[in-house]
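See below for the structure under consideration.
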Amino acid sequence: RNSTARMSRSSSRQREGAGMEGEMDGGGAAPAPAESGEPEAPNPMVMMQDILDKLKILDYESKFADDQMNGKLLHQAYFAIPHPKPNEQFYYFTSLFTWLMRLNDLSFTRPEQFDDPNTTVANMMEAMKRARMSVDYAPQKVKQGYGEAVCVVLSLLCDAALEKAGFRIQAPVYPTDNYPEEAPVDEEEEVSADIADTVAAQEEDDDDDDEI
């Protein structure tokens, strides 16, 4: 009986140990930290605002939107998030892509709204490659018409168009602060002000005494 009891207690301890290891290795444990040093993925929302600023410099409102898109302007999240009408969003993207390619003196035929999107994207990727602006994204990501891949493509084309037009985006230069850290103090004026404050306070006290 004693040997049986010892074996039972030993088996119980083994099961408890195995259970603790399972908890440590399983879903209850905190996930391992991500490896440091990896570059952060581009943020489509931030990129879209930057793209919009660049497009305004290129005067896309009058030269593209009014002329080719019936005046429809972009908002700050247009290519960062899915659109209720995906075909309309994709068509705006391909039309803007065509316009930016032409600003860069690159040949590209504007696709029709209801062309096969797979063929359209394949042609766009090939055109980017010919322009030495190839992007490392799968065609399916570009075909979405929104997201990181689309924003990267538009940002590259905008940068190239701005450079071709002679624009240089540089960090702001602030004027040197030549002012002294502390302004000189007129000691006589400061003393006069203190005396005036003291006299005024005394006069108020005298007025209060008269009223009493």
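Labels used: A, B, ... for chains in the order of the structure tokens, numbers from 1 for residues in each chain, and numbers from 1 for ligands as shown.
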
Can you list, as a PyMOL selection string, all residues belonging to region 20-157 of chain A that DSSP tags as helix (DSSP H, G or I)?
chain A and resi 20-25+44-57+60-68+86-103+117-130+139-143+148-157

With region 40-62 of chain A as the partner and 7 Å as the cut-off, tabulate the residues of region 82-179 of chain A that qualify, each row holding the nearest pair of atoms and their distance in Å to one decimal, using only C-alpha atoms, sorted by chain and rising number, as a tab-separated table.
```
residue	atom	partner	partner_atom	distance
A:Gly147	CA	A:Pro44	CA	5.9
A:Glu148	CA	A:Pro44	CA	5.2
A:Cys151	CA	A:Pro44	CA	6.3
A:Ser155	CA	A:Ile51	CA	5.8
A:Cys158	CA	A:Lys54	CA	6.4
```

Dump all heavy atoms for the selected residues as a PDB file, in the first residue's frame?
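Wrote selection.pdb, looks like this:
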```pdb
ATOM      1  N   GLY A 147      -5.521  51.891 -49.091  1.00  0.00           N
ATOM      2  CA  GLY A 147      -4.565  51.240 -48.199  1.00  0.00           C
ATOM      3  C   GLY A 147      -3.125  51.641 -48.459  1.00  0.00           C
ATOM      4  O   GLY A 147      -2.812  52.545 -49.251  1.00  0.00           O
ATOM      5  N   GLU A 148      -2.245  50.945 -47.769  1.00  0.00           N
ATOM      6  CA  GLU A 148      -0.820  51.284 -47.781  1.00  0.00           C
ATOM      7  C   GLU A 148      -0.223  51.260 -49.187  1.00  0.00           C
ATOM      8  O   GLU A 148       0.491  52.196 -49.579  1.00  0.00           O
ATOM      9  CB  GLU A 148      -0.076  50.295 -46.884  1.00  0.00           C
ATOM     10  CG  GLU A 148       1.416  50.516 -46.799  1.00  0.00           C
ATOM     11  CD  GLU A 148       2.104  49.455 -45.949  1.00  0.00           C
ATOM     12  OE1 GLU A 148       1.524  49.025 -44.931  1.00  0.00           O
ATOM     13  OE2 GLU A 148       3.222  49.048 -46.326  1.00  0.00           O
ATOM     14  N   CYS A 151      -1.357  54.238 -51.334  1.00  0.00           N
ATOM     15  CA  CYS A 151      -0.777  55.499 -50.856  1.00  0.00           C
ATOM     16  C   CYS A 151       0.707  55.599 -51.202  1.00  0.00           C
ATOM     17  O   CYS A 151       1.204  56.679 -51.537  1.00  0.00           O
ATOM     18  CB  CYS A 151      -0.991  55.637 -49.346  1.00  0.00           C
ATOM     19  SG  CYS A 151      -2.711  55.946 -48.871  1.00  0.00           S
ATOM     20  N   SER A 155       2.229  58.504 -53.512  1.00  0.00           N
ATOM     21  CA  SER A 155       3.254  59.351 -52.901  1.00  0.00           C
ATOM     22  C   SER A 155       4.513  59.393 -53.770  1.00  0.00           C
ATOM     23  O   SER A 155       5.118  60.462 -53.961  1.00  0.00           O
ATOM     24  CB  SER A 155       3.593  58.833 -51.502  1.00  0.00           C
ATOM     25  OG  SER A 155       4.515  59.684 -50.856  1.00  0.00           O
ATOM     26  N   CYS A 158       3.753  61.574 -56.795  1.00  0.00           N
ATOM     27  CA  CYS A 158       3.688  62.988 -56.406  1.00  0.00           C
ATOM     28  C   CYS A 158       5.086  63.564 -56.192  1.00  0.00           C
ATOM     29  O   CYS A 158       5.387  64.675 -56.647  1.00  0.00           O
ATOM     30  CB  CYS A 158       2.864  63.145 -55.130  1.00  0.00           C
ATOM     31  SG  CYS A 158       1.081  63.016 -55.352  1.00  0.00           S
TER      32      CYS A 158
END
```

Nearest-residue call for Val121 (chain A), choices A:Ile81, A:Val150, A:Met101, A:Leu106, using only C-alpha atoms:
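Ranking A:Ile81, A:Val150, A:Met101, A:Leu106 by distance to Val121 (chain A), first place goes to A:Val150.
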
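Here CA of Val135 (chain A) and CA of Ala65 (chain A) stand 25.7 Å from one another.
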